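Structure file model.txt; described as compact mmCIF, C-alpha atoms.
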# COMPACT_ATOMS: atom_id res chain seq x y z
CA MET A 195 -105.96 52.92 86.75
CA SER A 196 -108.75 50.93 85.06
CA THR A 197 -108.23 47.41 83.78
CA SER A 198 -108.85 48.56 80.17
CA GLU A 199 -105.85 50.86 80.19
CA ARG A 200 -102.51 49.54 78.83
CA PRO A 201 -99.53 49.64 81.21
CA PRO A 202 -96.80 52.21 80.44
CA ILE A 203 -93.99 51.10 78.09
CA ASN A 204 -90.46 50.86 79.51
CA LEU A 205 -88.54 52.32 76.55
CA ALA A 206 -85.10 51.31 77.80
CA LEU A 207 -86.23 47.75 78.40
CA LYS A 208 -87.80 47.63 74.96
CA ILE A 209 -84.60 48.79 73.24
CA ALA A 210 -82.50 46.24 75.16
CA ALA A 211 -84.88 43.42 74.29
CA GLU A 212 -84.89 44.30 70.61
CA TYR A 213 -81.09 44.47 70.56
CA PHE A 214 -80.80 41.06 72.28
CA GLN A 215 -83.23 39.55 69.78
CA GLU A 216 -81.26 40.96 66.83
CA GLN A 217 -78.01 39.57 68.21
CA ARG A 218 -79.57 36.14 68.80
CA THR A 219 -81.05 36.07 65.29
CA SER A 220 -77.72 37.11 63.84
CA GLU A 221 -75.85 34.40 65.76
CA ASN A 222 -78.35 31.77 64.68
CA THR A 223 -78.08 32.94 61.10
CA GLU A 224 -74.29 32.75 61.20
CA GLU A 225 -74.40 29.19 62.54
CA LEU A 226 -76.64 27.95 59.69
CA CYS A 227 -75.47 26.78 56.29
CA ILE A 228 -76.41 29.34 53.65
CA TRP A 229 -77.06 26.53 51.15
CA HIS A 230 -79.00 24.01 53.22
CA ASN A 231 -80.12 26.02 56.26
CA GLU A 232 -78.59 23.33 58.47
CA LYS A 233 -76.32 23.84 61.46
CA LEU A 234 -72.62 24.19 60.69
CA LYS A 235 -71.09 21.22 62.46
CA LEU A 236 -68.02 20.39 60.35
CA PHE A 237 -64.86 22.13 59.12
CA CYS A 238 -63.42 21.37 55.66
CA GLN A 239 -59.61 21.18 56.02
CA LYS A 240 -58.98 21.71 52.29
CA ASP A 241 -61.26 24.69 51.73
CA GLU A 242 -60.82 25.93 55.32
CA GLU A 243 -64.52 26.71 55.82
CA THR A 244 -67.38 25.53 58.03
CA ILE A 245 -69.99 23.22 56.42
CA CYS A 246 -73.08 21.28 57.39
CA LEU A 247 -73.61 17.49 57.20
CA ILE A 248 -75.33 17.79 53.81
CA CYS A 249 -72.39 19.77 52.44
CA GLN A 250 -70.07 16.95 53.44
CA THR A 251 -71.93 14.52 51.16
CA SER A 252 -72.05 17.00 48.29
CA LYS A 253 -69.81 16.75 45.25
CA GLN A 254 -67.81 19.81 46.37
CA HIS A 255 -66.68 18.39 49.75
CA LYS A 256 -67.22 14.63 49.37
CA ILE A 257 -63.52 13.76 49.01
CA HIS A 258 -62.25 16.45 51.40
CA GLU A 259 -61.03 15.74 54.89
CA CYS A 260 -63.43 17.19 57.47
CA CYS A 261 -63.58 17.30 61.26
CA PRO A 262 -65.97 18.63 63.93
CA VAL A 263 -65.95 22.42 64.36
CA GLY A 264 -64.94 22.11 68.03
CA GLU A 265 -61.90 20.01 67.20
CA ALA A 266 -61.02 22.23 64.22
CA ALA A 267 -61.41 25.43 66.27
CA LEU A 268 -59.07 24.09 68.97
CA GLU A 269 -56.45 23.07 66.40
CA LYS A 270 -56.65 26.32 64.43
CA LYS A 271 -56.55 28.47 67.58
CA LYS A 272 -53.31 26.74 68.54
CA GLU A 273 -51.99 27.40 65.03
CA ILE A 274 -52.93 31.10 65.14
CA SER A 275 -51.62 31.42 68.70
CA ALA A 276 -48.26 30.14 67.50
CA LYS A 277 -48.25 32.88 64.86
CA LEU A 278 -49.37 35.44 67.42
CA GLN A 279 -46.23 35.09 69.55
CA PRO A 280 -43.83 36.29 66.80
CA LEU A 281 -46.21 39.15 66.07
CA GLN A 282 -46.20 40.11 69.73
CA LYS A 283 -42.38 39.96 69.74
CA GLN A 284 -42.28 42.13 66.64
CA LEU A 285 -44.65 44.60 68.31
CA LYS A 286 -42.42 44.62 71.36
CA VAL A 287 -39.41 45.37 69.13
CA LEU A 288 -41.30 48.14 67.37
CA ASN A 289 -42.43 49.66 70.68
CA LYS A 290 -38.89 49.51 72.06
CA THR A 291 -37.51 51.04 68.86
CA ASN A 292 -40.15 53.74 69.00
CA GLU A 293 -39.14 54.51 72.58
CA GLN A 294 -35.46 54.64 71.61
CA TRP A 295 -36.20 56.87 68.66
CA GLU A 296 -38.23 59.21 70.88
CA GLU A 297 -35.26 59.36 73.23
CA THR A 298 -32.96 59.99 70.27
CA LYS A 299 -35.23 62.80 69.07
CA THR A 300 -35.12 64.39 72.53
CA TYR A 301 -31.35 63.92 72.71
CA LEU A 302 -30.96 65.50 69.27
CA LYS A 303 -32.55 68.68 70.61
CA SER A 304 -30.36 68.77 73.71
CA GLN A 305 -27.29 67.91 71.63
CA THR A 306 -28.10 70.78 69.28
CA ASN A 307 -28.43 73.16 72.24
CA GLU A 308 -25.13 71.96 73.70
CA ASN A 309 -23.36 72.40 70.36
CA GLU A 310 -24.98 75.79 69.85
CA ASN A 311 -23.75 77.00 73.24
CA ALA A 312 -20.27 75.59 72.60
CA ILE A 313 -20.13 77.22 69.15
CA LYS A 314 -21.23 80.57 70.58
CA LYS A 315 -18.61 80.26 73.31
CA GLU A 316 -15.83 79.51 70.82
CA PHE A 317 -16.89 82.30 68.50
CA GLY A 318 -17.13 84.54 71.56
CA LYS A 319 -13.43 83.86 72.16
CA LEU A 320 -12.68 84.72 68.53
CA HIS A 321 -14.80 87.87 68.78
CA GLN A 322 -12.96 88.81 71.97
CA PHE A 323 -9.63 88.27 70.24
CA LEU A 324 -10.71 90.48 67.32
CA TRP A 325 -12.05 93.17 69.66
CA GLU A 326 -8.77 93.16 71.57
CA GLU A 327 -6.79 93.31 68.33
CA GLU A 328 -8.99 96.16 67.11
CA ALA A 329 -8.46 98.05 70.37
CA ALA A 330 -4.68 97.44 70.27
CA THR A 331 -4.48 98.59 66.64
CA LEU A 332 -6.47 101.74 67.42
CA ILE A 333 -4.22 102.46 70.41
CA LYS A 334 -1.18 102.33 68.13
CA LEU A 335 -2.95 104.68 65.72
CA ARG A 336 -3.78 107.14 68.53
CA GLN A 337 -0.22 106.93 69.88
CA GLU A 338 1.20 107.80 66.49
CA GLU A 339 -1.32 110.64 66.17
CA GLU A 340 -0.39 111.98 69.62
CA LYS A 341 3.33 111.83 68.89
CA LYS A 342 3.05 113.52 65.51
CA LEU A 343 0.59 116.13 66.76
CA TRP A 344 3.12 117.00 69.48
CA VAL A 345 5.88 117.35 66.85
CA MET A 346 3.61 119.58 64.73
CA SER A 347 2.71 121.67 67.78
CA VAL A 348 6.41 122.29 68.52
CA LYS A 349 7.11 123.14 64.88
CA LEU A 350 4.11 125.44 64.69
CA GLU A 351 5.09 127.24 67.89
CA SER A 352 8.60 127.79 66.49
CA ILE A 353 7.41 129.14 63.15
CA GLU A 354 4.76 131.31 64.79
CA ASN A 355 7.51 132.92 66.93
CA LYS A 356 9.56 133.56 63.81
CA ILE A 357 6.52 135.08 62.06
CA LYS A 358 5.98 137.35 65.04
CA ASP A 359 9.63 138.47 65.13
CA LEU A 360 9.80 139.09 61.38
CA SER A 361 6.48 140.94 61.43
CA GLU A 362 7.81 143.30 64.14
CA ILE A 363 10.98 143.94 62.13
CA ILE A 364 8.98 144.73 59.01
CA SER A 365 6.72 147.06 60.99
CA ASP A 366 9.71 148.91 62.52
CA VAL A 367 11.42 149.29 59.15
CA GLU A 368 8.23 150.56 57.53
CA GLN A 369 7.83 153.14 60.28
CA ALA A 370 11.44 154.27 59.83
CA ILE A 371 10.95 154.68 56.08
CA ARG A 372 7.95 156.90 56.66
CA LYS A 373 10.01 159.33 58.78
CA LYS A 374 11.37 162.66 57.38
CA ASP A 375 14.84 162.68 55.95
CA ILE A 376 16.78 164.00 58.95
CA PRO A 377 15.14 161.71 61.52
CA PHE A 378 15.44 158.77 59.10
CA LEU A 379 19.14 159.39 58.54
CA GLN A 380 19.76 159.98 62.23
CA ASP A 381 18.25 156.51 62.94
CA TYR A 382 19.67 154.91 59.78
CA LYS A 383 22.31 152.74 61.47
CA ASN A 384 19.82 151.36 63.90
CA THR A 385 17.25 150.74 61.16
CA LYS A 386 19.89 149.12 58.99
CA SER A 387 20.86 146.78 61.80
CA ARG A 388 17.24 146.08 62.54
CA ALA A 389 16.56 145.18 58.90
CA LYS A 390 19.22 142.48 58.98
CA TYR A 391 17.40 139.12 59.46
CA ASN A 392 19.09 135.80 59.10
CA PHE A 393 16.30 134.06 57.20
CA VAL A 394 16.34 130.27 56.91
CA ASP A 395 13.82 128.44 54.69
CA PRO A 396 11.31 126.45 56.78
CA GLU A 397 12.29 122.81 57.12
CA CYS A 398 10.49 120.14 55.08
CA ILE A 399 8.87 117.93 57.67
CA ARG A 400 9.03 114.34 56.48
CA ASP A 401 7.06 111.31 57.72
CA ILE A 402 4.71 113.57 59.64
CA LEU A 403 1.48 112.10 58.24
CA ILE A 404 -0.20 109.04 59.73
CA ASP A 405 1.42 105.88 58.39
CA SER A 406 -1.77 104.42 56.88
CA ALA A 407 0.20 101.69 55.14
CA LYS A 408 1.45 100.43 58.51
CA HIS A 409 -1.99 100.43 60.09
CA MET A 410 -4.17 99.40 57.15
CA GLY A 411 -1.84 97.49 54.85
CA THR A 412 -2.55 93.71 55.04
CA LEU A 413 -4.55 94.36 58.21
CA LYS A 414 -6.72 91.27 57.78
CA PHE A 415 -3.75 89.06 56.89
CA ARG A 416 -1.69 90.26 59.86
CA THR A 417 -4.63 89.67 62.20
CA TRP A 418 -5.27 86.23 60.69
CA ARG A 419 -1.61 85.29 61.07
CA LYS A 420 -1.58 86.44 64.68
CA MET A 421 -4.62 84.25 65.40
CA PHE A 422 -2.43 81.19 64.87
CA GLU A 423 -0.50 82.17 68.00
CA VAL A 424 -3.62 81.70 70.15
CA ILE A 425 -5.45 78.93 68.25
CA GLU A 426 -4.51 75.28 68.60
CA CYS A 427 -4.98 72.90 65.70
CA ALA A 428 -5.20 69.18 66.44
CA PRO A 429 -4.41 66.63 63.69
CA ILE A 430 -7.55 64.63 64.60
CA THR A 431 -10.60 65.14 66.79
CA LEU A 432 -12.76 62.70 68.73
CA ASP A 433 -16.29 61.65 67.75
CA PRO A 434 -18.59 61.74 70.83
CA ASN A 435 -21.28 59.85 68.90
CA THR A 436 -19.04 56.76 69.10
CA ALA A 437 -18.23 57.15 72.80
CA GLN A 438 -19.22 54.93 75.72
CA SER A 439 -21.67 56.83 77.92
CA ASN A 440 -19.20 57.42 80.80
CA LEU A 441 -16.74 59.37 78.68
CA LYS A 442 -16.44 63.17 78.82
CA PHE A 443 -14.74 65.52 76.34
CA SER A 444 -13.05 68.90 76.16
CA GLU A 445 -14.80 71.68 74.25
CA GLU A 446 -12.83 71.15 71.05
CA LEU A 447 -13.04 67.32 71.29
CA THR A 448 -9.31 66.78 71.70
CA SER A 449 -9.33 65.30 75.24
CA VAL A 450 -11.31 62.40 76.73
CA TRP A 451 -11.63 61.07 80.29
CA TYR A 452 -13.84 58.81 82.39
CA GLY A 453 -16.68 60.45 84.33
CA SER A 454 -20.21 59.92 85.55
CA LYS A 455 -22.64 57.98 83.36
CA GLN A 456 -24.77 60.00 80.94
CA LEU A 457 -28.11 59.19 79.35
CA LEU A 458 -27.18 58.80 75.70
CA PRO A 459 -28.96 57.06 72.80
CA ASP A 460 -27.53 53.65 71.97
CA ASN A 461 -27.00 54.55 68.32
CA PRO A 462 -25.24 52.01 66.03
CA GLU A 463 -21.96 53.94 66.05
CA ARG A 464 -21.62 53.99 69.85
CA CYS A 465 -19.02 51.70 71.48
CA SER A 466 -21.16 50.54 74.39
CA SER A 467 -19.26 47.31 75.19
CA ARG A 468 -15.95 49.04 75.98
CA MET A 469 -14.98 52.36 77.53
CA ALA A 470 -13.72 53.75 74.26
CA VAL A 471 -14.20 56.40 71.60
CA LEU A 472 -13.11 56.61 67.96
CA GLY A 473 -11.64 59.49 66.03
CA ALA A 474 -13.98 61.57 63.91
CA THR A 475 -12.00 60.96 60.71
CA GLY A 476 -11.31 57.57 59.16
CA PHE A 477 -8.51 56.75 56.74
CA VAL A 478 -8.52 54.58 53.61
CA SER A 479 -5.05 55.45 52.28
CA GLY A 480 -1.86 57.39 52.93
CA LYS A 481 0.30 58.17 55.97
CA HIS A 482 -1.09 59.81 59.10
CA SER A 483 0.31 60.50 62.55
CA TRP A 484 -0.65 62.14 65.83
CA THR A 485 0.72 62.27 69.35
CA VAL A 486 -1.36 61.39 72.41
CA GLU A 487 -0.55 62.74 75.83
CA VAL A 488 -1.18 59.82 78.20
CA GLY A 489 0.12 61.67 81.27
CA LYS A 490 -0.01 59.73 84.53
CA GLY A 491 -2.91 57.49 83.62
CA LYS A 492 -2.76 53.97 85.09
CA ASP A 493 -4.84 52.24 82.43
CA TRP A 494 -5.24 53.27 78.82
CA TYR A 495 -5.30 51.93 75.26
CA ILE A 496 -4.61 53.82 72.04
CA GLY A 497 -4.17 52.81 68.42
CA MET A 498 -6.34 51.96 65.43
CA ALA A 499 -9.65 50.16 64.88
CA ARG A 500 -11.38 49.19 61.66
CA GLU A 501 -14.83 50.56 60.91
CA SER A 502 -16.63 47.20 61.18
CA ILE A 503 -15.64 46.39 64.78
CA ARG A 504 -18.41 45.00 66.99
CA ARG A 505 -19.45 47.86 69.23
CA LYS A 506 -22.23 46.32 71.33
CA THR A 507 -20.73 42.99 72.44
CA THR A 508 -17.65 42.05 74.45
CA ILE A 509 -14.62 41.59 72.24
CA PHE A 510 -10.86 41.15 72.55
CA LEU A 511 -8.52 43.97 71.59
CA ASN A 512 -6.50 42.20 68.91
CA PRO A 513 -6.04 42.39 65.13
CA ALA A 514 -8.38 39.45 64.55
CA GLU A 515 -11.21 41.53 66.02
CA GLY A 516 -10.11 44.66 64.16
CA PHE A 517 -7.88 46.41 66.72
CA TRP A 518 -4.21 47.40 66.48
CA VAL A 519 -3.55 48.98 69.88
CA ILE A 520 -1.10 49.16 72.76
CA GLY A 521 -1.85 50.03 76.36
CA LEU A 522 -0.80 50.40 79.96
CA CYS A 523 -2.22 48.06 82.63
CA ASN A 524 -2.21 48.72 86.38
CA GLY A 525 0.15 51.61 85.92
CA ASP A 526 3.28 49.49 85.45
CA THR A 527 3.10 47.15 82.44
CA TYR A 528 2.85 48.07 78.77
CA TRP A 529 1.32 45.59 76.30
CA ALA A 530 0.82 45.30 72.58
CA GLN A 531 -2.59 43.69 72.10
CA THR A 532 -1.48 40.81 69.89
CA THR A 533 -2.62 37.16 70.20
CA PRO A 534 -1.27 36.35 72.72
CA ARG A 535 -0.45 39.88 73.86
CA THR A 536 3.16 41.09 73.83
CA LYS A 537 4.82 42.73 76.82
CA LEU A 538 6.66 45.95 75.91
CA VAL A 539 9.91 47.07 77.49
CA VAL A 540 10.44 50.84 77.71
CA LYS A 541 13.50 52.69 79.03
CA TYR A 542 11.55 55.82 79.92
CA LYS A 543 7.91 55.80 80.94
CA PRO A 544 6.17 57.67 78.11
CA GLN A 545 4.17 60.79 78.86
CA ARG A 546 3.28 61.05 75.18
CA VAL A 547 2.96 58.35 72.52
CA THR A 548 3.04 59.01 68.78
CA VAL A 549 0.85 56.82 66.56
CA GLU A 550 1.90 56.50 62.92
CA LEU A 551 -0.42 54.84 60.39
CA ASP A 552 0.81 53.81 56.95
CA PHE A 553 -2.41 52.48 55.45
CA ASP A 554 -0.96 51.39 52.12
CA LYS A 555 1.90 49.41 53.70
CA GLY A 556 -0.34 48.03 56.45
CA LYS A 557 1.71 49.39 59.36
CA VAL A 558 0.79 50.93 62.71
CA VAL A 559 3.85 52.21 64.57
CA PHE A 560 3.94 53.40 68.19
CA ILE A 561 6.78 55.70 69.30
CA ASN A 562 7.67 56.88 72.80
CA ALA A 563 7.67 60.65 72.21
CA THR A 564 9.67 61.14 75.41
CA ASP A 565 12.85 59.72 73.89
CA LEU A 566 11.67 59.02 70.31
CA THR A 567 12.24 55.27 70.66
CA PRO A 568 9.93 52.76 68.89
CA MET A 569 7.60 50.84 71.22
CA TYR A 570 5.89 48.41 68.83
CA THR A 571 4.96 47.97 65.15
CA PHE A 572 1.92 46.12 63.85
CA LYS A 573 2.08 44.77 60.29
CA ASP A 574 -1.12 43.73 58.58
CA ARG A 575 -3.27 44.27 55.48
CA PHE A 576 -5.98 46.90 55.85
CA THR A 577 -9.06 46.41 53.68
CA GLU A 578 -11.48 48.96 55.10
CA ARG A 579 -11.65 52.39 56.69
CA MET A 580 -9.47 52.74 59.81
CA PHE A 581 -10.25 54.99 62.79
CA PRO A 582 -8.06 56.22 65.67
CA TYR A 583 -8.97 54.41 68.92
CA PHE A 584 -8.85 55.80 72.48
CA SER A 585 -9.69 54.22 75.84
CA PRO A 586 -8.77 56.32 78.92
CA GLY A 587 -9.60 53.75 81.60
CA MET A 588 -10.60 54.53 85.20
CA TYR A 589 -8.91 55.55 88.38
CA GLU A 590 -9.19 53.27 91.40
CA ASP A 591 -12.00 55.34 92.90
CA GLY A 592 -14.01 54.68 89.74
CA LYS A 593 -15.06 58.31 89.52
CA SER A 594 -12.43 59.99 87.40
CA SER A 595 -9.54 59.27 85.08
CA ASN A 596 -6.48 60.92 83.67
CA PRO A 597 -7.38 62.48 80.30
CA LEU A 598 -6.00 61.26 77.03
CA ARG A 599 -5.18 64.40 75.05
CA ILE A 600 -4.35 64.75 71.37
CA CYS A 601 -1.37 67.08 71.21
CA PRO A 602 -1.85 70.17 69.02
CA MET A 603 0.18 70.87 65.90
CA SER A 604 2.46 73.83 65.32
CA VAL A 605 1.29 75.99 62.44
CA SER A 606 3.52 78.21 60.30
CA ILE A 607 2.68 80.50 57.40
CA ASP A 608 4.92 80.62 54.34
CA VAL A 609 4.00 83.58 52.13
CA GLU A 610 4.94 83.53 48.46
CA GLN A 611 4.17 85.99 45.67
CA THR A 612 1.03 84.29 44.45
CA LYS A 613 -0.09 82.06 47.29
CA THR A 614 0.10 81.31 51.00
CA LYS A 615 1.22 77.97 52.33
CA LEU A 616 0.27 76.55 55.72
CA ALA A 617 2.76 74.10 57.18
CA CYS A 618 1.73 71.95 60.17
CA TRP A 619 3.70 69.59 62.36
CA GLN A 620 3.05 67.85 65.65
CA LYS A 621 4.15 69.53 68.86
CA HIS A 622 6.24 67.36 71.19
CA VAL A 623 6.49 69.85 74.05

Represent the supplied structure as C-alpha cells.
Amino acid sequence: MSTSERPPINLALKIAAEYFQEQRTSENTEELCIWHNEKLKLFCQKDEETICLICQTSKQHKIHECCPVGEAALEKKKEISAKLQPLQKQLKVLNKTNEQWEETKTYLKSQTNENENAIKKEFGKLHQFLWEEEAATLIKLRQEEEKKLWVMSVKLESIENKIKDLSEIISDVEQAIRKKDIPFLQDYKNTKSRAKYNFVDPECIRDILIDSAKHMGTLKFRTWRKMFEVIECAPITLDPNTAQSNLKFSEELTSVWYGSKQLLPDNPERCSSRMAVLGATGFVSGKHSWTVEVGKGKDWYIGMARESIRRKTTIFLNPAEGFWVIGLCNGDTYWAQTTPRTKLVVKYKPQRVTVELDFDKGKVVFINATDLTPMYTFKDRFTERMFPYFSPGMYEDGKSSNPLRICPMSVSIDVEQTKTKLACWQKHV
C-alpha cells in the first residue's frame, strides 16, 4: 500500500465514536443553564429546579433558598426513597393479590368440575329411580295384559266350542229336513231330540280392558309422591365456601368432618382461624330449628354466629364476639360458651342436639333430642343476619373426626281439591 492511499475506515468504530460524542454533547447540554449557558450548580428549593450562579442573583430566584446540587440531590433521593418503600409494599400487595386471584380462577374451574360431576351423579340417581319406576309400571301393565289375555283365551275357547257344537246340530237338522218324507219321519224323534239346544246368551265380560286410569291417571303425581320416600330433605345445608380448609363434606352438604388439608382460596367468607363452617342460609327474622347428629364425637361446637364475625383472626366463642354456641370438650364435659363459659349438666349424653332460633325474641335454645330436655338458652338482641355454626373438631390421631350431620326432615303430602300442601318436620330417629 502506497503512502498516498487512505487507510480503510472501521465502520463499527466510527459509529461507536459518533454515538459517544452525541451522548457527551447531550450531557454537557443538559448540565448548562438554558438562559446563561453556565453550569448548573445550585438547586432552588422553592421552584424545585436546577439553576446556575447567575440565576441565583436574578430577580426570579434572588429571595429563594438554594443549595448545591450535590446536597440537594442527596436530600431529594432520600425523600423519594422514602416514598418508594410504600410503593414497593403496594406492588407486593398487588402481586400477592394477583397470585391469589389466579389461584382463585384455577380453583373456580376445578370447583365447577366437581359440582358438575356431583350434579350429574345426583341426577343420575334420579334418572335411575325414574327408569326403575318406569320399568315397574310397565311390568304391572304387562301383568294385567297377560292375566286378561288368559281370561279372554279361556272365554274364546269356550265360545268356539259352543259355536262348533251348534254348527254341527244345525248341519244335522238341515240334512234331516232335506230327506224324503218316510226317512225323515222315521228319524223324526232323533232329529227332534237333536234340535233341542239349551242356548244361553253369552256372558257380558266386564273389566276385561286394560285399566288405563290405574296406569296413566296421575302418573306423574304418583311418581313424584313416591320420590319423597327415597329423597331426604334437610332443613339447612352447609356452605363449603365458608369452611376451614381441613373440612370435608357429604355430597348434599349435610355432613361435615375433619380430614386432610386442601388447597383452597382464602376468600373473605372462609373461616380460616377456626375449624368451622357456616350454614348456607342466614336468618334475619322468624323461628327456625334443626337437629344435629353429634354421634360419638369427642369435641364439637354447634349453634349460631352473626355474619360479621372475624374469620381470619383468633377469636373467643362467646356472644361478645358474635357466637351463641355450646360444645363438648374432651369427650366428657359440655359447655355453653358464655363469658365465663357455663358448664352444662346432662342426664343422658346427647346423640342429637336440636337448635332452635327465635330471631325476633333474641333466643337460641339447645335441646337434647335424646330425651327432649333443654340444655341451655341464650338470650340476646340480634341486629344482623345470623348463620348456623358447626365445628366438628378432631380425633386424637389428628387425621379424622366424627361427622356432624344435619338430620333430614320428614315430608308429607296433603292433597286438597285445588292445591297440594307439603308439610315438613324434623326427624328424631

query = Restricting the calculation to all atoms listed in the file, which member of A:Lys541, A:Glu327, A:Leu335, A:Glu445 is positioned closest to A:Ile313?
reply = A:Glu445

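The space between atom CA of A:Thr331 and atom CA of A:Lys408 spans 10.2 Å.
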
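Distances from A:Ser361, A:Gln250, A:Ser502, A:Thr291 to A:Asn461 were compared using all atoms listed in the file, and the smallest one belongs to A:Thr291.
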
ask   = What lies within 12 Å of A:Val367 using only C-alpha atoms, ignoring chain neighbours under 2 positions off, as JSON, numbers by chain?
value = {"A": [360, 361, 362, 363, 364, 365, 369, 370, 371, 372, 373, 378, 381, 382, 383, 384, 385, 386, 387, 388, 389, 390, 391]}

Non-local contacts of stretch 470-486 of chain A (7 Å; all atoms listed in the file; under 3 positions in same chain excluded) as an NGL selection string = :A and (429-434 or 436-438 or 465 or 546-554 or 578-585 or 598-601 or 620)

task = Take atom CA of A:Met469 and atom CA of A:Thr508 and report the distance between them in Å, one decimal.
result =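 The value is 11.1 Å.
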
For stretch 566-575 of chain A, please output as a PDB file with C-alpha atoms, keeping the file's coordinate frame all residues within 6 Å (counting all atoms listed in the file; exclusion window: fewer than 5 positions along the same chain).
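Okay, this is what ended up in part.pdb:
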ATOM      1  CA  GLY A 556      -0.340  48.030  56.450  1.00  0.00           C
ATOM      2  CA  LYS A 557       1.710  49.390  59.360  1.00  0.00           C
ATOM      3  CA  VAL A 558       0.790  50.930  62.710  1.00  0.00           C
ATOM      4  CA  VAL A 559       3.850  52.210  64.570  1.00  0.00           C
ATOM      5  CA  PHE A 560       3.940  53.400  68.190  1.00  0.00           C
ATOM      6  CA  ILE A 561       6.780  55.700  69.300  1.00  0.00           C
TER       7      ILE A 561
END

Distance of atom CA of A:Tyr528 from atom CA of A:Gly516, expressed in Å to one decimal place =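 Here the two named atoms are 19.8 Å from each other.
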
Padding 5 Å on every side, please: axis-aligned box over the listed atoms of stretch 269-285 of chain A, centre and edge lengths to one decimal in Å, as JSON.
{"center_x": -49.5, "center_y": 33.8, "center_z": 67.1, "size_x": 24.4, "size_y": 31.5, "size_z": 15.3}

ask   = Residues at most 10 Å from A:Ile399, counting all atoms listed in the file, excluding those fewer than 3 positions away in the same chain, as a PyMOL selection string?
value = chain A and resi 345-346+349+396+402-403

message = Give me the residues near A:Glu423 as a list in words, where near means some atom within 12 Å (using only C-alpha atoms) and where sequence neighbours in that chain fewer than 2 positions away do not count.
response = Phe323, Arg416, Thr417, Trp418, Arg419, Lys420, Met421, Ile425, Glu426, Cys427, Met603, Ser604, Val605, Ser606 and Ile607 of chain A

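Distance annotation: of A:Glu339, A:Asp359, A:Asp493, A:Glu297, the residue with the minimal separation from A:Asn392 is A:Asp359; atom set is only C-alpha atoms.
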
message = From the options A:Thr527, A:Thr564, A:Thr533, A:Ser454, which residue's atoms come nearest to A:Leu511, counting all atoms listed in the file?
response =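 Distance minimum relative to A:Leu511 lands on A:Thr533.
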
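Using all atoms listed in the file for every distance, the candidate list A:Asn435, A:Asn562, A:Ser252, A:Asn231 yields A:Asn562 as the residue closest to A:Pro544.
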
request  = Tell me which of A:Lys303, A:Lys315, A:Lys492, A:Lys506 sits closest to A:Gly587, counting only C-alpha atoms.
outcome  = A:Lys492

Can you rebuild stretch 477-491 of chain A with N, CA and C atoms and give it as a PDB file, in the coordinates of the input?
ATOM      1  N   PHE A 477      -9.508  56.703  57.795  1.00  0.00           N
ATOM      2  CA  PHE A 477      -8.510  56.750  56.740  1.00  0.00           C
ATOM      3  C   PHE A 477      -8.608  55.505  55.858  1.00  0.00           C
ATOM      4  N   VAL A 478      -8.492  55.701  54.559  1.00  0.00           N
ATOM      5  CA  VAL A 478      -8.520  54.580  53.610  1.00  0.00           C
ATOM      6  C   VAL A 478      -7.252  54.537  52.754  1.00  0.00           C
ATOM      7  N   SER A 479      -6.317  55.447  53.022  1.00  0.00           N
ATOM      8  CA  SER A 479      -5.050  55.450  52.280  1.00  0.00           C
ATOM      9  C   SER A 479      -4.101  56.431  52.953  1.00  0.00           C
ATOM     10  N   GLY A 480      -2.826  56.380  52.520  1.00  0.00           N
ATOM     11  CA  GLY A 480      -1.860  57.390  52.930  1.00  0.00           C
ATOM     12  C   GLY A 480      -1.252  57.185  54.301  1.00  0.00           C
ATOM     13  N   LYS A 481      -0.387  58.170  54.676  1.00  0.00           N
ATOM     14  CA  LYS A 481       0.300  58.170  55.970  1.00  0.00           C
ATOM     15  C   LYS A 481      -0.314  59.241  56.864  1.00  0.00           C
ATOM     16  N   HIS A 482      -0.486  58.889  58.130  1.00  0.00           N
ATOM     17  CA  HIS A 482      -1.090  59.810  59.100  1.00  0.00           C
ATOM     18  C   HIS A 482      -0.421  59.580  60.453  1.00  0.00           C
ATOM     19  N   SER A 483      -0.281  60.654  61.224  1.00  0.00           N
ATOM     20  CA  SER A 483       0.310  60.500  62.550  1.00  0.00           C
ATOM     21  C   SER A 483      -0.246  61.549  63.501  1.00  0.00           C
ATOM     22  N   TRP A 484      -0.227  61.228  64.783  1.00  0.00           N
ATOM     23  CA  TRP A 484      -0.650  62.140  65.830  1.00  0.00           C
ATOM     24  C   TRP A 484       0.006  61.675  67.122  1.00  0.00           C
ATOM     25  N   THR A 485       0.112  62.583  68.064  1.00  0.00           N
ATOM     26  CA  THR A 485       0.720  62.270  69.350  1.00  0.00           C
ATOM     27  C   THR A 485      -0.330  62.407  70.443  1.00  0.00           C
ATOM     28  N   VAL A 486      -0.378  61.406  71.328  1.00  0.00           N
ATOM     29  CA  VAL A 486      -1.360  61.390  72.410  1.00  0.00           C
ATOM     30  C   VAL A 486      -0.640  61.569  73.741  1.00  0.00           C
ATOM     31  N   GLU A 487      -1.087  62.541  74.491  1.00  0.00           N
ATOM     32  CA  GLU A 487      -0.550  62.740  75.830  1.00  0.00           C
ATOM     33  C   GLU A 487      -1.291  61.802  76.784  1.00  0.00           C
ATOM     34  N   VAL A 488      -0.567  60.801  77.300  1.00  0.00           N
ATOM     35  CA  VAL A 488      -1.180  59.820  78.200  1.00  0.00           C
ATOM     36  C   VAL A 488      -0.998  60.207  79.658  1.00  0.00           C
ATOM     37  N   GLY A 489      -0.060  61.137  79.927  1.00  0.00           N
ATOM     38  CA  GLY A 489       0.120  61.670  81.270  1.00  0.00           C
ATOM     39  C   GLY A 489       0.437  60.587  82.295  1.00  0.00           C
ATOM     40  N   LYS A 490      -0.252  60.665  83.430  1.00  0.00           N
ATOM     41  CA  LYS A 490      -0.010  59.730  84.530  1.00  0.00           C
ATOM     42  C   LYS A 490      -1.113  58.691  84.659  1.00  0.00           C
ATOM     43  N   GLY A 491      -1.835  58.476  83.584  1.00  0.00           N
ATOM     44  CA  GLY A 491      -2.910  57.490  83.620  1.00  0.00           C
ATOM     45  C   GLY A 491      -2.393  56.091  83.944  1.00  0.00           C
TER      46      GLY A 491
END
